[in-house]
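A short write-up of the structure that comes next.
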Amino acid sequence: TRDEVQSFVAGDGETRLPALLRCLFVDNSASDYAGAIDLQTDCSPHLANCTLVGNTAPQGGALYGTGASFPTLTGGIIAFTGPGSSTAYCDGTSASTVAYSVVFGNAPGDSLCGDHHDNAFLDPLFCDVTTRDLTLASDSPCLPGNAGNPSDALVGALDQGCADSPVEPTTWGKIKCLFR
């Protein structure tokens with residue numbers, strides 16, 4: 001929609017187009033590179049509060065940049081990227097900025113190229129990742145005020161959906177009894 005695509009003026013005064021707000025990139029794949037987002041030749045979008053889940057490619061399952069591309073992801077989630085050489089790939093002429101985001105469970109590891117700071121490497125606690133209910137459990141580190149939140153603001157595209165996480169408190173003795 002028109003509200004989701006706007007210009008974004010970066011801290012260096014450069015206008016970055018487009019700006020994508022609260023977007024979802026889920027279960028995309030590519031045979032070579034760029035499972036979710038492929039950036040080539042002077043393409044430098046700003047993605048704010050976007051969720052990238054389950055994307056796969058041999059290089060750059062979530063992000064792939066080449067040819068002087070400089071994407072920025074703030075307040076996003078990159079999780080469960082499939083096998084490949086990197087979660088975010090940048091050639092020698094490109095770099096990404098990933099900040100105040102949650103990065104977790106990516107098969108090649110949680111490797112990011114470029115500038116990355118103030119990120120949390122914690123499970124985002126989706127309500128049900130297997131059915132792609134990507135709303136957040138009440139104790140998710142992606143919700144404002146919760147432990148582990150890298151910015152104390154909403155991280156990712158979707159808000160709280162389920163009341164509780166599927167984890168319940170227990171003792172070590174109860175866990176041992178399950179395996180006897």
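Convention: chains lettered A, B, ... in structure tokens order; per-chain residue numbering from 1; ligands numbered from 1 as shown.
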
Per residue of region 99-149 of chain A within 9 Å of region 67-76 of chain A, record the nearest atom pair and its distance in Å to one decimal, counting only C-alpha atoms, with rows in chain order and ascending residue number, as a Markdown table.
| residue | atom | partner | partner_atom | distance |
| --- | --- | --- | --- | --- |
| A:Ala99 | CA | A:Thr74 | CA | 4.9 |
| A:Tyr100 | CA | A:Gly75 | CA | 5.0 |
| A:Ser101 | CA | A:Gly75 | CA | 4.6 |
| A:Val102 | CA | A:Gly76 | CA | 6.4 |
| A:Val103 | CA | A:Gly76 | CA | 8.3 |
| A:Gly114 | CA | A:Phe70 | CA | 8.8 |
| A:Asn119 | CA | A:Gly75 | CA | 8.8 |
| A:Cys142 | CA | A:Gly75 | CA | 8.7 |

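Counting from CA of Leu52 (chain A), the distance to CA of Asp133 (chain A) is 13.1 Å.
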
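Each of A:Gly82, A:Pro58, A:Gly65, A:Gly145 was checked against Asp38 (chain A) using only C-alpha atoms; the smallest atom-to-atom distance is that of A:Gly65.
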
Next on the checklist: as an MDAnalysis selection string, please: the residues near Ala36 (chain A) (cut-off 6 Å, only C-alpha atoms, same-chain neighbours under 2 positions excluded).
Outcome noted: chainID A and resid 28 34 55 62

Item to check | Selection near Gln160 (chain A), 9 Å with only C-alpha atoms, sequence-local residues under 5 positions removed, as a ChimeraX atom specification | outcome: /A:126-127,135-138,140,143

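For the set A:Ala95, A:Ile37, A:Ala30, A:Val53, the residue with the smallest atom-to-atom gap to Val129 (chain A) is A:Val53, counting only C-alpha atoms.
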
Checklist entry - Which of region 38-77 of chain A counts as strand (DSSP E) under DSSP, as a PyMOL selection string please? => result chain A and resi 38-40+46-48+51-53+63-66+72-74+77

Item to check | Residue contacts of Gly84 (chain A) (7 Å, only C-alpha atoms) excluding same-chain residues fewer than 4 positions away, as an MDAnalysis selection string | outcome: chainID A and resid 57:59 61 108

Preceding selection exported with C-alpha atoms as a short mmCIF file (atom, residue, chain, number, x, y, z; two decimals), in the first residue's frame:
data_model
loop_
_atom_site.label_atom_id
_atom_site.label_comp_id
_atom_site.auth_asym_id
_atom_site.auth_seq_id
_atom_site.Cartn_x
_atom_site.Cartn_y
_atom_site.Cartn_z
CA ALA A 57 19.27 -19.79 -1.10
CA PRO A 58 22.85 -21.04 -1.45
CA GLN A 59 24.08 -17.46 -0.83
CA GLY A 61 19.08 -16.69 2.27
CA PRO A 108 24.18 -21.26 7.95
#

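Atom pair CA of Cys50 (chain A) / CA of Thr87 (chain A) has a distance of 15.1 Å (rounded to one decimal).
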